[in-house]
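Pasted below: input-v1.cif, mmCIF, C-alpha atoms.
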data_work
loop_
_atom_site.group_PDB
_atom_site.id
_atom_site.type_symbol
_atom_site.label_atom_id
_atom_site.label_comp_id
_atom_site.auth_asym_id
_atom_site.auth_seq_id
_atom_site.Cartn_x
_atom_site.Cartn_y
_atom_site.Cartn_z
ATOM 1 C CA MET G 1 -112.844 -17.949 140.598
ATOM 2 C CA ALA G 2 -115.818 -16.346 138.804
ATOM 3 C CA ALA G 3 -114.928 -12.772 139.814
ATOM 4 C CA ALA G 4 -111.362 -13.048 138.517
ATOM 5 C CA LYS G 5 -112.595 -14.644 135.303
ATOM 6 C CA GLU G 6 -114.734 -11.612 134.542
ATOM 7 C CA ILE G 7 -111.667 -9.402 134.326
ATOM 8 C CA LEU G 8 -109.028 -11.742 133.029
ATOM 9 C CA GLY G 9 -111.222 -13.331 130.430
ATOM 10 C CA VAL G 10 -109.683 -16.744 131.108
ATOM 11 C CA THR G 11 -109.621 -19.356 133.859
ATOM 12 C CA PRO G 12 -106.059 -19.880 135.130
ATOM 13 C CA THR G 13 -104.398 -23.085 133.997
ATOM 14 C CA PRO G 14 -103.933 -25.490 136.943
ATOM 15 C CA LEU G 15 -100.484 -25.339 138.495
ATOM 16 C CA ASN G 16 -98.064 -28.182 137.809
ATOM 17 C CA PHE G 17 -95.878 -27.692 140.886
ATOM 18 C CA ALA G 18 -96.214 -27.048 144.616
ATOM 19 C CA VAL G 19 -96.122 -23.306 145.324
ATOM 20 C CA PRO G 20 -93.964 -22.595 148.389
ATOM 21 C CA SER G 21 -95.604 -21.030 151.432
ATOM 22 C CA GLY G 22 -95.227 -17.264 151.493
ATOM 23 C CA ALA G 23 -95.098 -16.862 147.708
ATOM 24 C CA CYS G 24 -95.501 -13.273 146.524
ATOM 25 C CA ASP G 25 -96.924 -11.763 143.345
ATOM 26 C CA CYS G 26 -94.725 -8.663 143.124
ATOM 27 C CA HIS G 27 -96.561 -6.736 140.411
ATOM 28 C CA THR G 28 -100.312 -6.090 140.454
ATOM 29 C CA HIS G 29 -102.610 -3.087 140.160
ATOM 30 C CA ILE G 30 -105.979 -2.170 141.647
ATOM 31 C CA PHE G 31 -108.410 0.038 139.685
ATOM 32 C CA GLY G 32 -111.580 1.593 141.052
ATOM 33 C CA PRO G 33 -114.197 2.128 142.066
ATOM 34 C CA ASP G 34 -114.101 5.332 140.022
ATOM 35 C CA GLU G 35 -116.562 7.167 142.236
ATOM 36 C CA LYS G 36 -114.235 6.727 145.206
ATOM 37 C CA PHE G 37 -110.891 6.978 143.398
ATOM 38 C CA PRO G 38 -111.184 9.293 140.386
ATOM 39 C CA LEU G 39 -108.710 8.873 137.556
ATOM 40 C CA SER G 40 -106.326 11.648 136.586
ATOM 41 C CA PRO G 41 -107.549 13.958 133.804
ATOM 42 C CA LYS G 42 -104.019 13.674 132.364
ATOM 43 C CA ARG G 43 -104.096 9.859 132.141
ATOM 44 C CA LEU G 44 -102.896 8.111 128.995
ATOM 45 C CA TYR G 45 -105.525 5.370 129.206
ATOM 46 C CA THR G 46 -108.773 4.542 131.005
ATOM 47 C CA PRO G 47 -108.866 1.135 132.713
ATOM 48 C CA GLY G 48 -111.906 -0.858 133.703
ATOM 49 C CA PRO G 49 -112.449 -2.000 137.293
ATOM 50 C CA ALA G 50 -110.047 -4.468 138.917
ATOM 51 C CA SER G 51 -110.983 -5.032 142.538
ATOM 52 C CA ILE G 52 -109.329 -6.463 145.615
ATOM 53 C CA GLU G 53 -111.936 -9.235 145.552
ATOM 54 C CA ASN G 54 -110.915 -10.153 141.993
ATOM 55 C CA LEU G 55 -107.250 -10.193 142.998
ATOM 56 C CA ASN G 56 -107.905 -12.301 146.081
ATOM 57 C CA ALA G 57 -109.798 -14.852 143.985
ATOM 58 C CA LEU G 58 -106.914 -15.064 141.534
ATOM 59 C CA HIS G 59 -104.330 -15.550 144.271
ATOM 60 C CA LYS G 60 -106.442 -18.217 145.935
ATOM 61 C CA ALA G 61 -106.372 -20.155 142.660
ATOM 62 C CA LEU G 62 -102.605 -19.624 142.328
ATOM 63 C CA HIS G 63 -101.826 -20.463 145.994
ATOM 64 C CA VAL G 64 -100.084 -17.094 146.352
ATOM 65 C CA ASP G 65 -100.019 -15.696 149.893
ATOM 66 C CA ARG G 66 -98.521 -12.217 149.434
ATOM 67 C CA VAL G 67 -98.935 -9.366 146.998
ATOM 68 C CA VAL G 68 -97.369 -6.077 145.975
ATOM 69 C CA VAL G 69 -99.743 -3.439 144.584
ATOM 70 C CA VAL G 70 -97.925 -1.101 142.204
ATOM 71 C CA HIS G 71 -99.516 2.307 141.738
ATOM 72 C CA PRO G 72 -100.701 2.605 138.118
ATOM 73 C CA SER G 73 -100.227 5.677 135.936
ATOM 74 C CA PRO G 74 -103.938 6.570 135.358
ATOM 75 C CA TYR G 75 -104.081 7.941 138.931
ATOM 76 C CA GLY G 76 -101.053 10.210 138.535
ATOM 77 C CA ALA G 77 -99.483 10.839 141.936
ATOM 78 C CA ASP G 78 -102.765 10.381 143.832
ATOM 79 C CA ASN G 79 -101.994 7.137 145.670
ATOM 80 C CA ALA G 80 -105.334 6.829 147.458
ATOM 81 C CA ALA G 81 -106.518 3.705 145.592
ATOM 82 C CA THR G 82 -103.237 1.858 146.091
ATOM 83 C CA VAL G 83 -102.874 2.832 149.752
ATOM 84 C CA ASP G 84 -106.479 1.829 150.418
ATOM 85 C CA ALA G 85 -105.907 -1.575 148.808
ATOM 86 C CA VAL G 86 -102.747 -2.274 150.799
ATOM 87 C CA ARG G 87 -104.390 -1.215 154.069
ATOM 88 C CA ARG G 88 -107.455 -3.354 153.414
ATOM 89 C CA MET G 89 -105.454 -6.471 152.570
ATOM 90 C CA GLY G 90 -103.307 -6.046 155.679
ATOM 91 C CA SER G 91 -99.649 -6.116 156.643
ATOM 92 C CA ASN G 92 -99.314 -9.904 156.590
ATOM 93 C CA ARG G 93 -100.389 -10.061 152.939
ATOM 94 C CA ALA G 94 -99.774 -6.786 151.147
ATOM 95 C CA ARG G 95 -97.190 -4.125 150.367
ATOM 96 C CA GLY G 96 -97.334 -1.271 147.881
ATOM 97 C CA VAL G 97 -95.269 0.917 145.578
ATOM 98 C CA ALA G 98 -96.322 4.551 145.219
ATOM 99 C CA VAL G 99 -95.820 7.344 142.694
ATOM 100 C CA ILE G 100 -94.796 10.723 144.100
ATOM 101 C CA ASP G 101 -94.263 14.240 142.798
ATOM 102 C CA ASP G 102 -93.223 17.634 144.154
ATOM 103 C CA ALA G 103 -96.554 17.963 145.976
ATOM 104 C CA THR G 104 -95.930 14.780 147.997
ATOM 105 C CA THR G 105 -94.946 15.860 151.503
ATOM 106 C CA ASP G 106 -92.787 13.996 154.010
ATOM 107 C CA ALA G 107 -95.897 13.565 156.162
ATOM 108 C CA MET G 108 -97.641 11.877 153.241
ATOM 109 C CA LEU G 109 -94.664 9.547 152.818
ATOM 110 C CA GLU G 110 -94.806 8.660 156.520
ATOM 111 C CA ASP G 111 -98.514 7.886 156.250
ATOM 112 C CA MET G 112 -97.914 5.673 153.223
ATOM 113 C CA HIS G 113 -95.128 3.872 155.051
ATOM 114 C CA GLN G 114 -97.472 3.071 157.917
ATOM 115 C CA ALA G 115 -99.973 1.718 155.396
ATOM 116 C CA GLY G 116 -97.413 -0.661 153.897
ATOM 117 C CA ILE G 117 -95.851 1.263 151.005
ATOM 118 C CA ARG G 118 -92.215 0.245 150.561
ATOM 119 C CA GLY G 119 -91.146 1.771 147.250
ATOM 120 C CA VAL G 120 -91.639 4.595 144.782
ATOM 121 C CA ARG G 121 -92.060 4.109 141.033
ATOM 122 C CA VAL G 122 -90.344 6.200 138.364
ATOM 123 C CA ASN G 123 -92.269 5.433 135.180
ATOM 124 C CA ILE G 124 -89.876 6.226 132.322
ATOM 125 C CA GLU G 125 -91.210 3.939 129.577
ATOM 126 C CA THR G 126 -94.888 4.867 129.727
ATOM 127 C CA TYR G 127 -94.141 8.528 129.067
ATOM 128 C CA GLY G 128 -91.666 7.873 126.270
ATOM 129 C CA GLU G 129 -88.571 9.303 127.955
ATOM 130 C CA SER G 130 -85.456 8.346 125.972
ATOM 131 C CA ASP G 131 -82.711 10.421 127.621
ATOM 132 C CA PRO G 132 -80.659 8.435 130.161
ATOM 133 C CA ALA G 133 -79.545 11.655 131.862
ATOM 134 C CA VAL G 134 -83.163 12.634 132.556
ATOM 135 C CA ALA G 135 -83.902 9.150 133.873
ATOM 136 C CA GLY G 136 -80.792 9.176 136.051
ATOM 137 C CA ARG G 137 -81.801 12.453 137.682
ATOM 138 C CA ALA G 138 -85.294 11.079 138.288
ATOM 139 C CA PHE G 139 -83.819 8.013 140.014
ATOM 140 C CA GLN G 140 -81.574 10.202 142.187
ATOM 141 C CA GLN G 141 -84.401 12.555 143.169
ATOM 142 C CA ALA G 142 -86.739 9.710 144.052
ATOM 143 C CA ALA G 143 -84.077 7.871 146.033
ATOM 144 C CA ALA G 144 -83.219 11.030 147.974
ATOM 145 C CA ARG G 145 -86.845 11.347 149.060
ATOM 146 C CA VAL G 146 -87.386 7.782 150.257
ATOM 147 C CA ALA G 147 -84.020 6.365 151.372
ATOM 148 C CA ARG G 148 -84.595 7.365 155.006
ATOM 149 C CA LEU G 149 -87.732 5.206 155.046
ATOM 150 C CA GLY G 150 -85.892 2.108 153.856
ATOM 151 C CA TRP G 151 -87.815 2.112 150.558
ATOM 152 C CA HIS G 152 -86.552 1.263 147.082
ATOM 153 C CA VAL G 153 -86.931 2.972 143.714
ATOM 154 C CA GLN G 154 -88.753 1.020 141.025
ATOM 155 C CA THR G 155 -88.617 1.867 137.342
ATOM 156 C CA TYR G 156 -90.318 0.847 134.135
ATOM 157 C CA THR G 157 -87.736 1.534 131.436
ATOM 158 C CA ASN G 158 -85.532 -0.196 128.870
ATOM 159 C CA LEU G 159 -81.977 -1.387 128.284
ATOM 160 C CA GLY G 160 -81.051 1.749 126.358
ATOM 161 C CA ILE G 161 -81.764 3.844 129.450
ATOM 162 C CA LEU G 162 -80.281 1.471 132.024
ATOM 163 C CA ALA G 163 -76.998 0.548 130.337
ATOM 164 C CA PRO G 164 -75.444 4.057 130.392
ATOM 165 C CA LEU G 165 -76.505 4.631 134.011
ATOM 166 C CA HIS G 166 -74.388 1.972 135.745
ATOM 167 C CA ASP G 167 -72.403 4.458 137.827
ATOM 168 C CA VAL G 168 -75.508 6.458 138.789
ATOM 169 C CA ILE G 169 -77.430 3.334 139.788
ATOM 170 C CA VAL G 170 -74.714 1.752 141.931
ATOM 171 C CA LYS G 171 -74.350 5.019 143.860
ATOM 172 C CA LEU G 172 -78.072 5.353 144.671
ATOM 173 C CA PRO G 173 -78.842 5.241 148.414
ATOM 174 C CA THR G 174 -81.606 2.701 147.676
ATOM 175 C CA PRO G 175 -81.983 -0.493 145.656
ATOM 176 C CA LEU G 176 -83.342 -0.084 142.125
ATOM 177 C CA VAL G 177 -86.087 -2.481 141.002
ATOM 178 C CA VAL G 178 -86.444 -2.884 137.231
ATOM 179 C CA ASP G 179 -89.869 -3.852 135.874
ATOM 180 C CA HIS G 180 -90.628 -6.411 133.173
ATOM 181 C CA PHE G 181 -87.146 -7.771 132.406
ATOM 182 C CA GLY G 182 -85.855 -4.254 131.664
ATOM 183 C CA ARG G 183 -87.650 -4.358 128.313
ATOM 184 C CA PRO G 184 -85.181 -6.302 126.163
ATOM 185 C CA LYS G 185 -86.472 -7.719 122.874
ATOM 186 C CA ALA G 186 -86.744 -11.430 123.580
ATOM 187 C CA GLU G 187 -86.249 -12.349 119.931
ATOM 188 C CA LEU G 188 -82.753 -10.797 120.023
ATOM 189 C CA GLY G 189 -81.626 -13.023 122.890
ATOM 190 C CA SER G 190 -79.007 -12.384 125.528
ATOM 191 C CA GLY G 191 -76.470 -10.867 123.123
ATOM 192 C CA GLN G 192 -78.457 -7.700 122.416
ATOM 193 C CA PRO G 193 -77.026 -4.280 123.276
ATOM 194 C CA GLY G 194 -77.462 -3.316 126.921
ATOM 195 C CA PHE G 195 -78.251 -6.800 128.200
ATOM 196 C CA ALA G 196 -74.774 -7.540 129.518
ATOM 197 C CA GLU G 197 -74.816 -4.223 131.374
ATOM 198 C CA LEU G 198 -78.097 -5.164 133.083
ATOM 199 C CA LEU G 199 -76.612 -8.505 134.127
ATOM 200 C CA THR G 200 -73.649 -6.621 135.600
ATOM 201 C CA LEU G 201 -76.028 -4.501 137.652
ATOM 202 C CA LEU G 202 -77.807 -7.646 138.807
ATOM 203 C CA ARG G 203 -74.535 -9.215 139.901
ATOM 204 C CA SER G 204 -73.669 -6.069 141.859
ATOM 205 C CA GLY G 205 -76.699 -6.675 144.084
ATOM 206 C CA LYS G 206 -77.839 -3.085 143.653
ATOM 207 C CA VAL G 207 -80.583 -3.976 141.193
ATOM 208 C CA TYR G 208 -83.550 -6.336 141.375
ATOM 209 C CA VAL G 209 -85.317 -7.372 138.155
ATOM 210 C CA LYS G 210 -88.921 -8.500 137.867
ATOM 211 C CA ILE G 211 -89.223 -11.308 135.343
ATOM 212 C CA SER G 212 -92.845 -10.374 134.804
ATOM 213 C CA ALA G 213 -95.220 -9.638 131.907
ATOM 214 C CA PRO G 214 -93.355 -11.506 129.137
ATOM 215 C CA TYR G 215 -95.828 -10.081 126.605
ATOM 216 C CA ARG G 216 -94.030 -6.758 127.048
ATOM 217 C CA ILE G 217 -90.858 -8.217 125.523
ATOM 218 C CA SER G 218 -92.103 -11.065 123.279
ATOM 219 C CA GLN G 219 -94.510 -11.422 120.378
ATOM 220 C CA ALA G 220 -94.270 -15.225 120.205
ATOM 221 C CA PRO G 221 -97.320 -17.301 121.266
ATOM 222 C CA GLY G 222 -96.627 -18.593 124.764
ATOM 223 C CA TYR G 223 -93.473 -16.444 124.948
ATOM 224 C CA PRO G 224 -90.907 -19.267 124.633
ATOM 225 C CA ASP G 225 -88.193 -16.801 123.587
ATOM 226 C CA THR G 226 -88.294 -15.226 127.041
ATOM 227 C CA ALA G 227 -86.815 -18.366 128.642
ATOM 228 C CA PRO G 228 -83.151 -17.656 127.734
ATOM 229 C CA ILE G 229 -83.558 -14.056 128.935
ATOM 230 C CA ALA G 230 -85.060 -15.171 132.245
ATOM 231 C CA ARG G 231 -82.498 -17.920 132.733
ATOM 232 C CA ALA G 232 -79.574 -15.558 132.124
ATOM 233 C CA MET G 233 -80.941 -13.166 134.731
ATOM 234 C CA ILE G 234 -81.511 -15.894 137.312
ATOM 235 C CA GLU G 235 -78.002 -17.241 136.788
ATOM 236 C CA ALA G 236 -76.553 -13.732 137.146
ATOM 237 C CA ASN G 237 -78.003 -13.373 140.662
ATOM 238 C CA PRO G 238 -80.886 -15.545 141.906
ATOM 239 C CA ASP G 239 -81.044 -13.391 145.064
ATOM 240 C CA ARG G 240 -82.164 -10.344 143.042
ATOM 241 C CA ILE G 241 -84.950 -11.789 140.900
ATOM 242 C CA LEU G 242 -88.648 -11.149 141.536
ATOM 243 C CA TRP G 243 -91.787 -12.406 139.812
ATOM 244 C CA GLY G 244 -95.170 -10.826 139.235
ATOM 245 C CA THR G 245 -98.270 -11.345 137.133
ATOM 246 C CA ASP G 246 -98.810 -7.692 136.061
ATOM 247 C CA TRP G 247 -102.490 -8.382 136.841
ATOM 248 C CA PRO G 248 -104.945 -7.212 135.548
ATOM 249 C CA HIS G 249 -102.682 -6.753 132.512
ATOM 250 C CA PRO G 250 -103.206 -3.202 131.278
ATOM 251 C CA GLY G 251 -101.384 -2.193 128.131
ATOM 252 C CA GLY G 252 -103.259 -1.714 124.894
ATOM 253 C CA SER G 253 -101.384 -0.838 121.716
ATOM 254 C CA ARG G 254 -103.660 2.074 120.809
ATOM 255 C CA ARG G 255 -104.369 4.175 123.845
ATOM 256 C CA ASP G 256 -107.335 6.542 123.948
ATOM 257 C CA PRO G 257 -108.353 7.870 127.383
ATOM 258 C CA ALA G 258 -111.821 8.617 126.006
ATOM 259 C CA VAL G 259 -112.662 4.896 125.944
ATOM 260 C CA VAL G 260 -112.233 2.115 128.491
ATOM 261 C CA GLU G 261 -109.224 0.026 127.503
ATOM 262 C CA PRO G 262 -109.695 -3.746 127.840
ATOM 263 C CA PHE G 263 -107.199 -5.737 129.867
ATOM 264 C CA ARG G 264 -105.137 -8.421 128.150
ATOM 265 C CA PRO G 265 -106.671 -11.913 128.673
ATOM 266 C CA GLU G 266 -103.496 -13.434 130.112
ATOM 267 C CA ASP G 267 -103.428 -16.894 131.719
ATOM 268 C CA ASN G 268 -101.817 -16.344 135.122
ATOM 269 C CA GLY G 269 -101.671 -20.038 135.932
ATOM 270 C CA ALA G 270 -99.617 -20.587 132.793
ATOM 271 C CA ALA G 271 -97.438 -17.626 133.814
ATOM 272 C CA LEU G 272 -96.646 -19.173 137.191
ATOM 273 C CA ASN G 273 -95.941 -22.551 135.589
ATOM 274 C CA ARG G 274 -93.641 -20.744 133.162
ATOM 275 C CA LEU G 275 -91.671 -19.266 136.049
ATOM 276 C CA ALA G 276 -91.186 -22.738 137.544
ATOM 277 C CA SER G 277 -89.878 -23.978 134.186
ATOM 278 C CA TRP G 278 -87.274 -21.178 134.158
ATOM 279 C CA THR G 279 -85.791 -22.255 137.502
ATOM 280 C CA LYS G 280 -83.370 -25.149 137.979
ATOM 281 C CA ASP G 281 -84.727 -26.396 141.325
ATOM 282 C CA SER G 282 -87.162 -25.711 144.167
ATOM 283 C CA LYS G 283 -84.548 -23.740 146.123
ATOM 284 C CA GLU G 284 -84.084 -21.261 143.297
ATOM 285 C CA LEU G 285 -87.848 -20.989 142.843
ATOM 286 C CA ALA G 286 -88.341 -20.310 146.565
ATOM 287 C CA LYS G 287 -85.784 -17.485 146.420
ATOM 288 C CA ILE G 288 -87.738 -15.785 143.641
ATOM 289 C CA LEU G 289 -91.217 -16.342 145.048
ATOM 290 C CA VAL G 290 -90.567 -16.060 148.800
ATOM 291 C CA ASP G 291 -87.132 -14.980 150.039
ATOM 292 C CA ASN G 292 -86.362 -12.086 147.707
ATOM 293 C CA PRO G 293 -89.768 -10.399 148.077
ATOM 294 C CA ALA G 294 -89.696 -10.855 151.849
ATOM 295 C CA ARG G 295 -86.333 -9.085 152.000
ATOM 296 C CA LEU G 296 -87.124 -6.240 149.630
ATOM 297 C CA TYR G 297 -90.691 -5.496 150.741
ATOM 298 C CA GLN G 298 -90.036 -6.161 154.419
ATOM 299 C CA PHE G 299 -92.664 -8.834 155.026
#

Render the structure in this file as structure tokens.
Amino acid sequence: MAAAKEILGVTPTPLNFAVPSGACDCHTHIFGPDEKFPLSPKRLYTPGPASIENLNALHKALHVDRVVVVHPSPYGADNAATVDAVRRMGSNRARGVAVIDDATTDAMLEDMHQAGIRGVRVNIETYGESDPAVAGRAFQQAAARVARLGWHVQTYTNLGILAPLHDVIVKLPTPLVVDHFGRPKAELGSGQPGFAELLTLLRSGKVYVKISAPYRISQAPGYPDTAPIARAMIEANPDRILWGTDWPHPGGSRRDPAVVEPFRPEDNGAALNRLASWTKDSKELAKILVDNPARLYQF
């Protein structure tokens, strides 16, 4: 566990439940080495290294068998680091989500599919986009590119973007996967504007939601105010809920690409225990950790 500790800054809390076989961490990133995978000059932040070896050590401690590597924004649309990681970890263990642009050819998509990529990410929140119409067009364009491959579209955005786009989303030729709870404010609870609309999308089956990275929606120590949010989502449709660590936890409050941004020292063992506490029984937990990822990512 020493390698993982170097990056995470903490040793994972021991698990207090039996993790089902085939469990999947649906949201991780790999960074580096920089000499092999150079960062984009247009990046908003500069991460430190986070290697496959670190990730494997973490998942060994968590008893997690499968992983999804999500392409992070500091690489732009150069997916080489993510594709390399998925290939190296192998088809029994790993899948990936890419970022594409107008320069991404169909041949490149085919190559990524063979490597294990199964989705494309539209990163709305990171770049500060606040116009639902712009986001809706981005979802449609991405879905049009990847539907033939059986991929999904993944987005990092918020309730204010998602709520007005119900009709656009349900008509997409792909599923839509929403990162990090859809960015509600946990302190406002399940009655906040836009939350009911997200639950409606969940019930439709068109949308999956990752109940991941509670620090992106909560300021409370230990994130207890995320429990009602998570529970409402699970009850809306337990067949469309995913979980991920967001390892190695990028996301500083003051971003300066001229300096290396430290990762958040999150306790991933506590995070997995927290997920178990949000579920009502082992069957529901197995859906979130095993069945839903296997279906969506085609394990």

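Interatomic distance, atom CA of G:Ile161 against atom CA of G:Glu261: 27.8 Å.
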
Open item on the list: When you look at G:Glu266 with a cut-off of 10 Å (counting all atoms listed in the file), what residues show up, excluding the ones that are within fewer than 4 positions of it in the same chain? I need them as a list in words.
Closed with: Leu8, Gly9, Val10, Thr11, Pro12, Ala213, Tyr215, Thr245, Asp246, Trp247, Pro248, His249, Ala270 and Ala271 of chain G

- [ ] Kindly resolve the PyMOL selection byres ((chain G and resi 70-80) around 10) on the present coordinates and return the residues as a ChimeraX atom specification.
- [x] /G:26-31,36-47,67-69,81-86,95-104,108,112,117,119-121,123,126-127,154,246,250,257

Task: Among listed residues G:Leu272, G:Ala135, G:Val146, G:Val122, nearest G:Thr105 (using only C-alpha atoms) - done: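 Smallest separation from G:Thr105 among the options: G:Val146.
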
TODO: Quick one: pull the distance between atom CA of G:Asn92 and atom CA of G:Asp106, Å, one decimal.
DONE: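 These atoms are spaced 24.9 Å apart.
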
Open item on the list: Give me the residues near G:Glu110 as a PyMOL selection string, where near means some atom within 12 Å (using all atoms listed in the file) and where sequence neighbours in that chain fewer than 6 positions away do not count.
Closed with: chain G and resi 104+116-118+145-146+148-151

Open item on the list: Expand the PyMOL selection byres ((chain G and resi 130) around 12) into the explicit residue set it covers here, and present it as a PyMOL selection string.
Closed with: chain G and resi 123-129+131-136+157-162+164

TODO: Work out how far apart atom CA of G:His63 and atom CA of G:Asn268 are and give it in Å to one decimal.
DONE: 11.6 Å
